[in-house]
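S.K.: So here's query13.txt (compact mmCIF, C-alpha atoms).
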```
# COMPACT_ATOMS: atom_id res chain seq x y z
CA MET A 1 25.59 -65.12 -101.14
CA ILE A 2 24.49 -61.54 -101.46
CA ASP A 3 20.89 -60.71 -102.20
CA ILE A 4 20.71 -58.38 -105.17
CA ASN A 5 18.09 -58.62 -107.86
CA PRO A 6 19.81 -59.95 -111.02
CA TRP A 7 18.14 -57.18 -113.04
CA ILE A 8 19.90 -54.60 -110.90
CA ILE A 9 23.21 -56.30 -111.55
CA PHE A 10 22.35 -56.42 -115.23
CA PHE A 11 21.65 -52.68 -115.52
CA ALA A 12 24.45 -51.70 -113.19
CA SER A 13 27.00 -53.61 -115.24
CA ILE A 14 25.85 -51.79 -118.38
CA PHE A 15 25.68 -48.25 -117.03
CA THR A 16 27.25 -47.62 -113.65
CA ASN A 17 29.82 -50.41 -113.46
CA ASN A 18 30.63 -50.48 -117.16
CA MET A 19 33.57 -52.78 -117.85
CA ILE A 20 35.57 -50.22 -119.79
CA LEU A 21 34.48 -46.93 -118.29
CA ALA A 22 34.49 -47.90 -114.62
CA ASN A 23 36.70 -50.99 -114.38
CA PHE A 24 39.16 -50.36 -117.24
CA LEU A 25 38.82 -53.90 -118.52
CA GLY A 26 39.18 -54.79 -122.17
CA MET A 27 41.07 -51.61 -122.99
CA CYS A 28 43.56 -53.27 -125.35
CA SER A 29 41.05 -54.33 -127.96
CA PHE A 30 38.94 -51.26 -127.18
CA ILE A 31 41.70 -48.98 -128.40
CA ALA A 32 42.88 -51.21 -131.23
CA VAL A 33 39.54 -52.14 -132.80
CA SER A 34 37.29 -49.11 -132.26
CA ASN A 35 37.86 -47.73 -135.76
CA GLU A 36 34.72 -48.88 -137.54
CA ILE A 37 31.22 -49.12 -136.13
CA LYS A 38 30.51 -52.35 -137.96
CA THR A 39 33.55 -54.28 -136.78
CA SER A 40 33.15 -52.92 -133.27
CA LEU A 41 29.61 -54.21 -133.20
CA SER A 42 30.72 -57.66 -134.38
CA LEU A 43 33.44 -57.78 -131.76
CA GLY A 44 30.97 -56.62 -129.12
CA GLN A 45 28.55 -59.40 -130.05
CA ALA A 46 31.29 -62.00 -129.86
CA VAL A 47 32.46 -60.68 -126.50
CA THR A 48 28.91 -60.66 -125.10
CA PHE A 49 28.32 -64.21 -126.22
CA VAL A 50 31.61 -65.51 -124.81
CA LEU A 51 31.07 -63.58 -121.56
CA ALA A 52 27.58 -64.99 -121.05
CA ALA A 53 28.77 -68.54 -121.63
CA THR A 54 32.07 -68.44 -119.75
CA SER A 55 30.59 -66.76 -116.68
CA VAL A 56 28.18 -69.69 -116.31
CA LEU A 57 30.81 -72.30 -117.18
CA ASN A 58 33.33 -70.87 -114.75
CA TYR A 59 30.64 -70.61 -112.08
CA PHE A 60 29.99 -74.34 -112.28
CA ILE A 61 33.64 -75.26 -112.47
CA TYR A 62 34.57 -73.08 -109.50
CA HIS A 63 31.73 -74.04 -107.19
CA TYR A 64 31.34 -77.70 -108.09
CA LEU A 65 34.88 -78.70 -108.94
CA LEU A 66 37.50 -76.41 -107.41
CA VAL A 67 35.84 -75.63 -104.08
CA PRO A 68 35.04 -79.27 -103.11
CA ILE A 69 38.61 -80.41 -103.70
CA GLY A 70 40.09 -77.30 -102.11
CA LEU A 71 41.97 -75.98 -105.11
CA GLU A 72 40.49 -72.47 -105.25
CA TYR A 73 43.91 -70.92 -105.74
CA LEU A 74 44.17 -72.65 -109.13
CA ARG A 75 41.24 -70.61 -110.43
CA PHE A 76 43.37 -68.27 -112.58
CA ILE A 77 44.83 -71.14 -114.55
CA VAL A 78 41.54 -73.00 -114.81
CA PHE A 79 39.55 -69.93 -115.88
CA ILE A 80 41.98 -68.95 -118.59
CA ILE A 81 42.02 -72.49 -119.96
CA VAL A 82 38.22 -72.66 -119.93
CA ILE A 83 38.04 -69.34 -121.75
CA ALA A 84 40.65 -70.32 -124.34
CA ALA A 85 39.02 -73.71 -124.92
CA PHE A 86 35.55 -72.18 -125.19
CA VAL A 87 36.68 -69.56 -127.68
CA GLN A 88 38.36 -72.26 -129.74
CA LEU A 89 35.19 -74.36 -129.68
CA VAL A 90 32.98 -71.45 -130.71
CA GLU A 91 35.36 -70.64 -133.52
CA MET A 92 35.19 -74.20 -134.84
CA ILE A 93 31.39 -74.36 -134.62
CA ILE A 94 30.92 -71.03 -136.33
CA GLU A 95 33.38 -71.91 -139.06
CA ARG A 96 31.58 -75.18 -139.71
CA TYR A 97 27.94 -74.14 -139.61
CA PHE A 98 27.67 -70.37 -140.00
CA GLU A 99 30.07 -69.43 -142.72
CA THR A 100 28.89 -65.86 -143.25
CA LEU A 101 29.08 -65.16 -139.55
CA TYR A 102 32.57 -66.62 -139.49
CA TYR A 103 33.80 -64.10 -142.02
CA SER A 104 32.43 -61.15 -140.10
CA LEU A 105 33.38 -62.43 -136.65
CA GLY A 106 36.09 -65.00 -137.22
CA ILE A 107 39.17 -62.84 -136.97
CA PHE A 108 38.08 -61.39 -133.65
CA LEU A 109 37.53 -64.64 -131.85
CA PRO A 110 41.17 -65.41 -131.03
CA LEU A 111 41.52 -61.83 -129.78
CA ILE A 112 38.82 -62.45 -127.21
CA THR A 113 40.90 -64.95 -125.25
CA VAL A 114 43.27 -62.22 -124.19
CA ASN A 115 40.52 -59.69 -123.56
CA CYS A 116 40.85 -58.88 -119.88
CA ALA A 117 37.11 -58.23 -119.61
CA ILE A 118 36.35 -61.95 -119.94
CA LEU A 119 38.72 -63.08 -117.21
CA GLY A 120 37.77 -60.00 -115.18
CA VAL A 121 34.08 -60.91 -115.14
CA SER A 122 34.86 -64.42 -113.94
CA LEU A 123 37.12 -63.10 -111.18
CA PHE A 124 34.68 -60.38 -110.12
CA MET A 125 31.85 -62.87 -109.85
CA ILE A 126 33.94 -65.05 -107.50
CA ILE A 127 35.09 -62.11 -105.38
CA ARG A 128 31.58 -60.69 -105.08
CA ASP A 129 30.13 -64.14 -104.41
CA TYR A 130 27.35 -64.01 -107.00
CA SER A 131 24.81 -66.79 -107.43
CA LEU A 132 24.36 -68.53 -110.78
CA ILE A 133 21.60 -66.21 -112.03
CA GLN A 134 23.46 -63.15 -110.79
CA SER A 135 26.63 -64.31 -112.55
CA PHE A 136 24.76 -64.80 -115.80
CA ALA A 137 23.16 -61.36 -115.52
CA PHE A 138 26.54 -59.88 -114.73
CA GLY A 139 28.14 -61.61 -117.73
CA VAL A 140 25.49 -60.54 -120.23
CA GLY A 141 25.28 -57.02 -118.81
CA SER A 142 29.03 -56.54 -118.89
CA GLY A 143 29.15 -57.73 -122.48
CA LEU A 144 26.40 -55.33 -123.53
CA GLY A 145 28.03 -52.49 -121.63
CA TRP A 146 31.33 -53.21 -123.33
CA THR A 147 29.60 -53.28 -126.73
CA LEU A 148 27.87 -50.00 -125.99
CA ALA A 149 31.13 -48.33 -125.10
CA ILE A 150 33.12 -49.63 -128.06
CA VAL A 151 30.39 -48.84 -130.62
CA ALA A 152 29.98 -45.33 -129.22
CA MET A 153 33.72 -44.87 -129.36
CA ALA A 154 33.86 -46.08 -132.97
CA GLY A 155 31.21 -43.50 -133.86
CA ILE A 156 33.13 -40.72 -132.16
CA ARG A 157 36.43 -41.73 -133.73
CA LYS A 158 34.83 -41.62 -137.15
CA LYS A 159 33.93 -37.99 -136.52
CA ILE A 160 37.29 -36.93 -135.15
CA ARG A 161 39.25 -38.60 -137.91
CA THR A 162 39.09 -35.47 -140.01
CA ALA A 163 39.54 -33.10 -137.10
CA LYS A 164 42.79 -31.31 -136.40
CA ILE A 165 44.42 -32.96 -133.40
CA PRO A 166 47.80 -32.11 -131.85
CA LYS A 167 50.28 -34.55 -133.34
CA GLY A 168 51.24 -36.24 -130.09
CA LEU A 169 47.62 -36.98 -129.28
CA GLU A 170 46.76 -38.75 -132.52
CA GLY A 171 45.66 -42.37 -132.16
CA PRO A 172 45.68 -43.76 -128.62
CA GLY A 173 46.11 -40.38 -126.94
CA ILE A 174 42.91 -38.83 -128.20
CA THR A 175 41.07 -42.13 -127.75
CA LEU A 176 41.94 -42.09 -124.07
CA ILE A 177 40.88 -38.47 -123.63
CA VAL A 178 37.56 -39.15 -125.37
CA THR A 179 37.11 -42.26 -123.23
CA GLY A 180 37.64 -40.04 -120.21
CA ILE A 181 34.88 -37.72 -121.36
CA MET A 182 32.63 -40.72 -121.98
CA ALA A 183 33.37 -42.05 -118.51
CA LEU A 184 32.50 -38.63 -117.18
CA ALA A 185 29.14 -38.79 -118.94
CA PHE A 186 28.52 -42.28 -117.61
CA LEU A 187 29.15 -41.03 -114.08
CA GLY A 188 25.81 -39.31 -114.50
CA PHE A 189 24.13 -42.71 -114.37
CA SER A 190 25.62 -43.50 -110.99
CA GLY A 191 22.50 -42.40 -109.15
CA ILE A 192 20.25 -44.96 -110.82
CA VAL A 193 21.69 -48.23 -109.57
CA GLN A 194 24.79 -49.10 -107.63
CA ILE A 195 26.57 -52.36 -106.97
CA GLN A 196 29.88 -52.88 -105.37
CA MET B 1 77.18 -55.32 -121.92
CA THR B 2 75.99 -53.28 -124.89
CA GLU B 3 73.10 -55.71 -125.11
CA ILE B 4 72.14 -54.93 -121.52
CA ILE B 5 72.25 -51.18 -122.14
CA ARG B 6 70.13 -51.56 -125.27
CA VAL B 7 67.51 -53.60 -123.40
CA PHE B 8 67.54 -51.06 -120.58
CA LYS B 9 66.93 -48.10 -122.87
CA ALA B 10 64.18 -49.94 -124.74
CA GLY B 11 62.31 -50.86 -121.58
CA ILE B 12 62.47 -47.49 -119.90
CA TYR B 13 61.62 -45.14 -122.74
CA LYS B 14 62.25 -46.26 -126.33
CA ASP B 15 59.72 -49.09 -126.30
CA ASN B 16 58.10 -48.36 -122.97
CA PRO B 17 55.21 -50.81 -122.68
CA VAL B 18 52.66 -48.27 -121.49
CA PHE B 19 53.10 -45.02 -123.35
CA ARG B 20 54.89 -46.35 -126.41
CA GLN B 21 53.40 -49.78 -127.06
CA ILE B 22 50.04 -49.05 -125.33
CA LEU B 23 50.11 -52.46 -123.65
CA GLY B 24 48.79 -53.50 -120.30
CA ILE B 25 46.86 -50.34 -119.69
CA CYS B 26 43.85 -52.06 -118.10
CA SER B 27 45.69 -52.50 -114.86
CA SER B 28 47.75 -49.35 -115.16
CA LEU B 29 44.54 -47.35 -115.06
CA ALA B 30 42.78 -49.34 -112.39
CA VAL B 31 45.37 -49.36 -109.64
CA THR B 32 46.82 -45.87 -110.03
CA ASN B 33 44.52 -44.05 -107.62
CA LEU B 34 47.01 -44.73 -104.82
CA LEU B 35 50.81 -44.80 -104.94
CA THR B 36 51.12 -47.81 -102.64
CA ASN B 37 48.80 -49.90 -104.81
CA SER B 38 50.74 -48.94 -107.92
CA LEU B 39 54.06 -49.82 -106.33
CA VAL B 40 52.87 -53.27 -105.26
CA MET B 41 51.27 -53.88 -108.64
CA GLY B 42 54.40 -52.74 -110.45
CA VAL B 43 56.76 -54.88 -108.39
CA GLY B 44 54.42 -57.84 -108.81
CA LEU B 45 54.39 -57.35 -112.56
CA MET B 46 58.20 -57.07 -112.65
CA PHE B 47 58.42 -60.38 -110.81
CA VAL B 48 56.00 -62.13 -113.14
CA THR B 49 57.44 -60.70 -116.35
CA ALA B 50 61.04 -61.44 -115.41
CA PHE B 51 60.47 -64.99 -114.29
CA SER B 52 58.08 -65.95 -117.05
CA SER B 53 60.46 -64.55 -119.68
CA PHE B 54 63.22 -66.56 -118.04
CA THR B 55 61.18 -69.77 -118.05
CA VAL B 56 59.89 -69.29 -121.57
CA SER B 57 63.42 -68.73 -122.74
CA LEU B 58 64.70 -71.83 -120.93
CA LEU B 59 62.03 -73.97 -122.54
CA ARG B 60 62.15 -72.31 -125.94
CA SER B 61 63.89 -75.12 -127.78
CA TYR B 62 61.66 -77.81 -126.22
CA THR B 63 58.33 -76.14 -126.91
CA PRO B 64 56.58 -77.14 -130.14
CA LYS B 65 55.77 -74.01 -132.17
CA HIS B 66 52.02 -74.51 -132.49
CA ILE B 67 51.29 -74.88 -128.78
CA ARG B 68 53.69 -72.24 -127.53
CA MET B 69 50.92 -69.73 -126.73
CA MET B 70 49.28 -72.22 -124.43
CA VAL B 71 52.59 -73.06 -122.76
CA GLN B 72 53.36 -69.37 -122.24
CA THR B 73 49.95 -68.75 -120.73
CA LEU B 74 50.41 -71.63 -118.33
CA ILE B 75 53.86 -70.41 -117.28
CA ILE B 76 52.53 -66.90 -116.69
CA SER B 77 49.52 -68.20 -114.74
CA ALA B 78 51.78 -70.25 -112.50
CA TYR B 79 53.79 -67.17 -111.51
CA VAL B 80 50.65 -65.07 -111.07
CA ILE B 81 49.25 -67.69 -108.69
CA MET B 82 52.47 -67.51 -106.68
CA LEU B 83 52.17 -63.74 -106.52
CA ASP B 84 48.51 -63.94 -105.51
CA LEU B 85 49.23 -66.43 -102.72
CA PHE B 86 52.13 -64.29 -101.51
CA LEU B 87 49.96 -61.16 -101.36
CA LYS B 88 47.15 -63.03 -99.61
CA ALA B 89 49.54 -64.38 -97.00
CA TYR B 90 51.67 -61.34 -96.26
CA MET B 91 49.63 -58.32 -97.39
CA PRO B 92 45.96 -59.28 -97.02
CA ASP B 93 44.77 -55.66 -97.17
CA MET B 94 46.67 -55.01 -100.36
CA SER B 95 45.34 -58.23 -101.85
CA LYS B 96 41.78 -56.99 -101.16
CA ALA B 97 42.47 -53.55 -102.56
CA LEU B 98 43.90 -54.89 -105.80
CA GLY B 99 41.05 -57.41 -106.05
CA PRO B 100 40.77 -59.09 -109.44
CA TYR B 101 43.57 -57.01 -110.93
CA VAL B 102 46.23 -59.38 -109.57
CA GLY B 103 44.66 -62.25 -111.50
CA LEU B 104 44.33 -60.02 -114.52
CA ILE B 105 48.12 -59.81 -114.77
CA ILE B 106 47.71 -63.04 -116.78
CA THR B 107 45.97 -61.18 -119.56
CA ASN B 108 48.34 -58.23 -119.29
CA CYS B 109 49.68 -58.06 -122.81
CA ILE B 110 53.13 -56.89 -121.67
CA ILE B 111 54.13 -60.32 -120.37
CA MET B 112 52.80 -62.26 -123.33
CA GLY B 113 54.33 -59.66 -125.63
CA ARG B 114 57.79 -59.98 -124.08
CA ALA B 115 57.60 -63.76 -124.06
CA GLU B 116 56.67 -63.77 -127.72
CA ALA B 117 58.88 -60.94 -128.96
CA PHE B 118 62.00 -61.40 -126.85
CA ALA B 119 62.22 -64.51 -124.70
CA GLN B 120 61.37 -66.79 -127.61
CA LYS B 121 64.56 -65.78 -129.41
CA ASN B 122 67.05 -64.95 -126.67
CA LYS B 123 69.06 -66.62 -123.92
CA PRO B 124 67.50 -67.04 -120.46
CA PHE B 125 69.62 -64.51 -118.61
CA ILE B 126 69.06 -61.60 -120.97
CA SER B 127 65.37 -62.49 -121.23
CA PHE B 128 65.10 -62.30 -117.46
CA PHE B 129 66.72 -58.88 -117.54
CA ASP B 130 64.47 -57.74 -120.39
CA GLY B 131 61.38 -58.80 -118.46
CA LEU B 132 62.63 -57.02 -115.37
CA ILE B 133 63.32 -53.78 -117.24
CA MET B 134 60.02 -53.85 -119.12
CA GLY B 135 58.34 -54.32 -115.76
CA LEU B 136 60.35 -51.41 -114.41
CA GLY B 137 59.29 -49.18 -117.30
CA TYR B 138 55.69 -50.10 -116.55
CA THR B 139 56.14 -49.45 -112.83
CA LEU B 140 57.65 -46.02 -113.44
CA VAL B 141 54.73 -44.90 -115.59
CA LEU B 142 52.30 -46.31 -113.02
CA LEU B 143 53.99 -44.40 -110.23
CA PHE B 144 54.06 -41.22 -112.29
CA ILE B 145 50.32 -41.39 -112.97
CA ALA B 146 49.56 -42.42 -109.39
CA PHE B 147 51.63 -39.53 -108.03
CA PHE B 148 49.33 -36.97 -109.64
CA ARG B 149 46.13 -38.87 -109.05
CA GLU B 150 46.77 -39.43 -105.36
CA LEU B 151 48.16 -35.95 -104.79
CA LEU B 152 45.25 -34.18 -106.45
CA GLY B 153 42.56 -36.65 -105.44
CA PHE B 154 43.40 -37.24 -101.79
CA GLY B 155 46.06 -34.62 -101.05
CA THR B 156 48.37 -37.41 -99.89
CA LEU B 157 51.48 -39.28 -101.09
CA PHE B 158 51.85 -42.93 -100.01
CA GLY B 159 49.05 -42.20 -97.53
CA VAL B 160 50.90 -39.28 -95.90
CA THR B 161 49.05 -35.97 -96.04
CA VAL B 162 51.09 -33.41 -97.97
CA LEU B 163 48.72 -30.75 -99.14
CA GLY B 164 47.28 -29.83 -95.74
CA SER B 165 43.76 -28.96 -94.72
CA GLY B 166 43.46 -26.00 -97.10
CA TRP B 167 43.39 -28.37 -100.08
CA VAL B 168 40.01 -29.41 -101.44
CA ASN B 169 40.20 -32.93 -102.83
CA TRP B 170 39.77 -33.07 -106.57
CA THR B 171 37.60 -36.18 -106.45
CA LEU B 172 37.47 -36.55 -110.21
CA MET B 173 41.14 -37.54 -110.27
CA ILE B 174 40.55 -40.72 -108.28
CA MET B 175 37.50 -41.66 -110.32
CA PRO B 176 37.81 -43.48 -113.66
CA PRO B 177 37.73 -40.34 -115.89
CA GLY B 178 40.79 -38.97 -114.09
CA ALA B 179 42.73 -42.10 -115.03
CA PHE B 180 41.82 -41.79 -118.69
CA PHE B 181 42.74 -38.11 -118.82
CA MET B 182 46.04 -38.68 -117.02
CA LEU B 183 47.14 -41.50 -119.31
CA GLY B 184 46.15 -39.48 -122.37
CA ILE B 185 48.22 -36.57 -121.12
CA VAL B 186 51.17 -38.85 -120.32
CA ILE B 187 51.10 -40.23 -123.85
CA TRP B 188 51.01 -36.71 -125.23
CA ALA B 189 53.85 -35.47 -123.02
CA THR B 190 56.11 -38.45 -123.71
CA TYR B 191 55.53 -38.05 -127.43
CA LYS B 192 57.25 -34.68 -127.16
CA LEU B 193 59.91 -35.80 -124.67
CA PHE B 194 61.06 -38.96 -126.41
CA PRO B 195 60.52 -38.54 -130.15
CA HIS B 196 59.96 -41.70 -132.16
CA GLU B 197 63.13 -42.91 -133.79
CA ASP B 198 61.46 -43.46 -137.14
CA ASP B 199 60.00 -39.95 -136.99
CA ALA B 200 63.43 -38.52 -136.31
CA GLY B 201 64.73 -40.48 -139.27
CA LYS B 202 62.01 -39.08 -141.50
CA ALA B 203 62.68 -35.55 -140.32
CA GLY B 204 66.36 -36.04 -141.05
CA ALA B 205 65.59 -37.32 -144.53
CA LYS B 206 63.45 -34.28 -145.25
CA ALA B 207 66.14 -31.91 -144.09
```
Would you write out, as structure tokens, the structure that this file holds?
M.R.:
Amino acid sequence: MIDINPWIIFFASIFTNNMILANFLGMCSFIAVSNEIKTSLSLGQAVTFVLAATSVLNYFIYHYLLVPIGLEYLRFIVFIIVIAAFVQLVEMIIERYFETLYYSLGIFLPLITVNCAILGVSLFMIIRDYSLIQSFAFGVGSGLGWTLAIVAMAGIRKKIRTAKIPKGLEGPGITLIVTGIMALAFLGFSGIVQIQ
Amino acid sequence: MTEIIRVFKAGIYKDNPVFRQILGICSSLAVTNLLTNSLVMGVGLMFVTAFSSFTVSLLRSYTPKHIRMMVQTLIISAYVIMLDLFLKAYMPDMSKALGPYVGLIITNCIIMGRAEAFAQKNKPFISFFDGLIMGLGYTLVLLFIAFFRELLGFGTLFGVTVLGSGWVNWTLMIMPPGAFFMLGIVIWATYKLFPHEDDAGKAGAKA
């Protein structure tokens, strides 16, 4: 167990170890969905919620189920099933009890299962040997960091939609270049906190 | 035979997973700071894609439609676990360097995409080949990006110093922004090199 204040992990995972800008996780939906600020924000909220919950769930399952019976190598399969099952459950609950939320969030929920950020957080927390509180902080922070990046990107893409871009760069190309510039800006935070 | 050639062309450039379909770029960005890492990652992905396409195709008539996603995920995970155990046993350093990105092959959209788009409808042998070639197309792009990132960032290729002591390392290239810029440039360059077929069709219609 490493001794880092959970708050440090929380801030580091938003700014210096941002899921997209430093670890390249969740790029698929980042590029596909970052067209509108509103939808990006909804997706970000859903991702944050799922991340917070699955990091805790997977923590318990890994340390209290897989480790005692010596099946650590099955963690990939178990984590992905937990994530898929949890997303399904959330979708059913939201559909049943929060209908308005379902219409703004619903379509994104299935997408989250294949978002590499979710599985990535669970794997990172095992590799870095975080405690329960640290894992939770890491999950929430990563989700917020991801949201921050995708909402900022949606805002920028709205501005460059009318700009003249070389034809080959339209769409994913320019998104990647802009992401690079954003990552460059986020490098400026690297002095504040650092986790590895 | 013609089928094989068609699959080959599609995987390498026509429908290249990285620069044409924009799939699986999480890992293609993360591991490309060193050529060796990219090579291992690429070969690993080829293995997983080929064998999971093969298995999905073998089981395609026995899998109920509505649970096929789950079945595919399980098949892919099984092969990824094999790969992870292999790396841990025979290349422990590499396994550490790649870290969580080996496990993240599961969520790499290329494999799921091939299983869904190709293996579900085709015979096992050609699906295996399709997976292999898609993996190869991915590996080639990875190596291309890694070549520039490692050369400019460390002055080395596969860990061997090439640029000599006069070269000042361009550290930005091995940091995350370098990866984003490189992939953006690759997409731009390949757009010119391999024009979209539908674009060519449109241009022809106009003329």
S.K.: In Å, how far is it from CA of Ser27 (chain B) to CA of Tyr130 (chain A)?
M.R.: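 For CA of Ser27 (chain B) relative to CA of Tyr130 (chain A), the distance reads 23.0 Å.
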S.K.: Which one of A:Gly191, A:Gly155, A:Pro6, A:Gly171 sits closest to chain B if you count all atoms listed in the file?
M.R.: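 For chain B, the nearest of the candidates is A:Gly171.
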S.K.: Show me the residues close to (39.8, -72.0, -135.6) - anything with an atom within 12 Å, counting all atoms listed in the file - and format the list as a list in words.
M.R.: Ala84, Ala85, Phe86, Val87, Gln88, Leu89, Val90, Glu91, Met92, Ile93, Ile94, Glu95, Arg96, Tyr102, Tyr103, Leu105, Gly106, Ile107, Phe108, Leu109, Pro110 and Leu111 of chain A
S.K.: Could you please tell me, as a compact mmCIF listing (two decimals) with C-alpha atoms, keeping the file's coordinate frame, which residues of chain B have an atom within 7 Å of chain A when using all atoms listed in the file?
M.R.:
```txt
# COMPACT_ATOMS: atom_id res chain seq x y z
CA LEU B 23 50.11 -52.46 -123.65
CA ILE B 25 46.86 -50.34 -119.69
CA CYS B 26 43.85 -52.06 -118.10
CA LEU B 29 44.54 -47.35 -115.06
CA ALA B 30 42.78 -49.34 -112.39
CA LEU B 74 50.41 -71.63 -118.33
CA SER B 77 49.52 -68.20 -114.74
CA ILE B 81 49.25 -67.69 -108.69
CA PRO B 100 40.77 -59.09 -109.44
CA GLY B 103 44.66 -62.25 -111.50
CA LEU B 104 44.33 -60.02 -114.52
CA THR B 107 45.97 -61.18 -119.56
CA PRO B 176 37.81 -43.48 -113.66
CA PRO B 177 37.73 -40.34 -115.89
CA GLY B 178 40.79 -38.97 -114.09
CA PHE B 180 41.82 -41.79 -118.69
CA PHE B 181 42.74 -38.11 -118.82
CA GLY B 184 46.15 -39.48 -122.37
CA ILE B 187 51.10 -40.23 -123.85
CA TRP B 188 51.01 -36.71 -125.23
CA TYR B 191 55.53 -38.05 -127.43
CA LYS B 192 57.25 -34.68 -127.16
```
S.K.: From the options B:Asn169, B:Asn122, B:Asn108, B:Thr139, which residue's atoms come nearest to Leu152 (chain B), counting only C-alpha atoms?
M.R.: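 So, comparing all the options, the nearest one is B:Asn169.
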S.K.: Find the distance between CA of Ile4 (chain B) and CA of Ile126 (chain B) and write it in Å to one decimal.
M.R.: 7.4 Å
S.K.: So that I can see what lies close to Arg68 (chain B), please list as a list in words the residues with an atom at most 12 Å from it, counting all atoms listed in the file and leaving out residues fewer than 2 positions away in the same chain.
M.R.: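 What passes the distance filter is Val56, Ser57, Leu59, Arg60, Ser61, Tyr62, Thr63, Pro64, Lys65, His66, Met70, Val71, Gln72, Thr73, Leu74, Ile75, Met112, Ala115, Glu116, Ala119 and Gln120 of chain B.
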S.K.: Report, in Å to a single decimal, how far apart CA of Met173 (chain B) and CA of Lys88 (chain B) are.
M.R.: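 We find that CA of Lys88 (chain B) and CA of Met173 (chain B) lie 28.3 Å from each other.
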S.K.: Looking at all atoms listed in the file, which of A:Ser135, A:Thr54, A:Leu43, A:Leu71 is the one that sits closest to Ile4 (chain A)?
M.R.: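 Once distances to Ile4 (chain A) are computed over all atoms listed in the file, the minimum belongs to A:Ser135.
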S.K.: Residues at most 12 Å from Phe118 (chain B), counting all atoms listed in the file, excluding those fewer than 4 positions away in the same chain, as an mmCIF file with C-alpha atoms, in the coordinates of the input?
M.R.:
```
data_model
loop_
_atom_site.group_PDB
_atom_site.id
_atom_site.type_symbol
_atom_site.label_atom_id
_atom_site.label_comp_id
_atom_site.auth_asym_id
_atom_site.auth_seq_id
_atom_site.Cartn_x
_atom_site.Cartn_y
_atom_site.Cartn_z
ATOM 1 C CA VAL B 7 67.510 -53.600 -123.400
ATOM 2 C CA ALA B 10 64.180 -49.940 -124.740
ATOM 3 C CA GLY B 11 62.310 -50.860 -121.580
ATOM 4 C CA THR B 49 57.440 -60.700 -116.350
ATOM 5 C CA ALA B 50 61.040 -61.440 -115.410
ATOM 6 C CA SER B 52 58.080 -65.950 -117.050
ATOM 7 C CA SER B 53 60.460 -64.550 -119.680
ATOM 8 C CA PHE B 54 63.220 -66.560 -118.040
ATOM 9 C CA VAL B 56 59.890 -69.290 -121.570
ATOM 10 C CA SER B 57 63.420 -68.730 -122.740
ATOM 11 C CA ARG B 60 62.150 -72.310 -125.940
ATOM 12 C CA ILE B 110 53.130 -56.890 -121.670
ATOM 13 C CA ILE B 111 54.130 -60.320 -120.370
ATOM 14 C CA MET B 112 52.800 -62.260 -123.330
ATOM 15 C CA GLY B 113 54.330 -59.660 -125.630
ATOM 16 C CA ARG B 114 57.790 -59.980 -124.080
ATOM 17 C CA ASN B 122 67.050 -64.950 -126.670
ATOM 18 C CA LYS B 123 69.060 -66.620 -123.920
ATOM 19 C CA PRO B 124 67.500 -67.040 -120.460
ATOM 20 C CA PHE B 125 69.620 -64.510 -118.610
ATOM 21 C CA ILE B 126 69.060 -61.600 -120.970
ATOM 22 C CA SER B 127 65.370 -62.490 -121.230
ATOM 23 C CA PHE B 128 65.100 -62.300 -117.460
ATOM 24 C CA PHE B 129 66.720 -58.880 -117.540
ATOM 25 C CA ASP B 130 64.470 -57.740 -120.390
ATOM 26 C CA GLY B 131 61.380 -58.800 -118.460
ATOM 27 C CA MET B 134 60.020 -53.850 -119.120
#
```
S.K.: Of the candidates A:Ile14, A:Leu66, A:Leu57, A:Leu148, which one gets nearest to Ser34 (chain A) if we count only C-alpha atoms?
M.R.: A:Leu148
S.K.: Excluding same-chain residues fewer than 2 positions from Leu51 (chain A), what lies within 8 Å of it counting only C-alpha atoms, as a ChimeraX atom specification?
M.R.: /A:47-49,53-55,118,121,139-140,142-143
S.K.: At a cut-off of 12 Å, using all atoms listed in the file, what residues contact Val162 (chain B)? Leave out same-chain residues fewer than 5 positions from it and give the result as a list in words.
M.R.: Phe147, Glu150, Leu151, Leu152, Gly153, Phe154, Gly155, Thr156, Leu157, Trp167 and Asn169 of chain B
S.K.: Please provide the set of residues having any atom within 10 Å of Leu136 (chain B), restricted to only C-alpha atoms, with same-chain residues fewer than 6 positions apart removed, written as a PyMOL selection string.
M.R.: chain B and resi 8+11-12+16-17+42-43+45-47+49+130+142
S.K.: For each of A:Val82, A:Ala137, A:Ile8, A:Met19, take the minimum atom-to-atom distance to Ala149 (chain A), counting all atoms listed in the file, then give the residue where this is smallest.
M.R.: A:Met19
S.K.: Using only C-alpha atoms, find the one residue out of B:Ile5, B:Lys121, B:Val160, B:Val40 that sits nearest to Leu98 (chain B).
M.R.: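 Closest residue, counting only C-alpha atoms: B:Val40.
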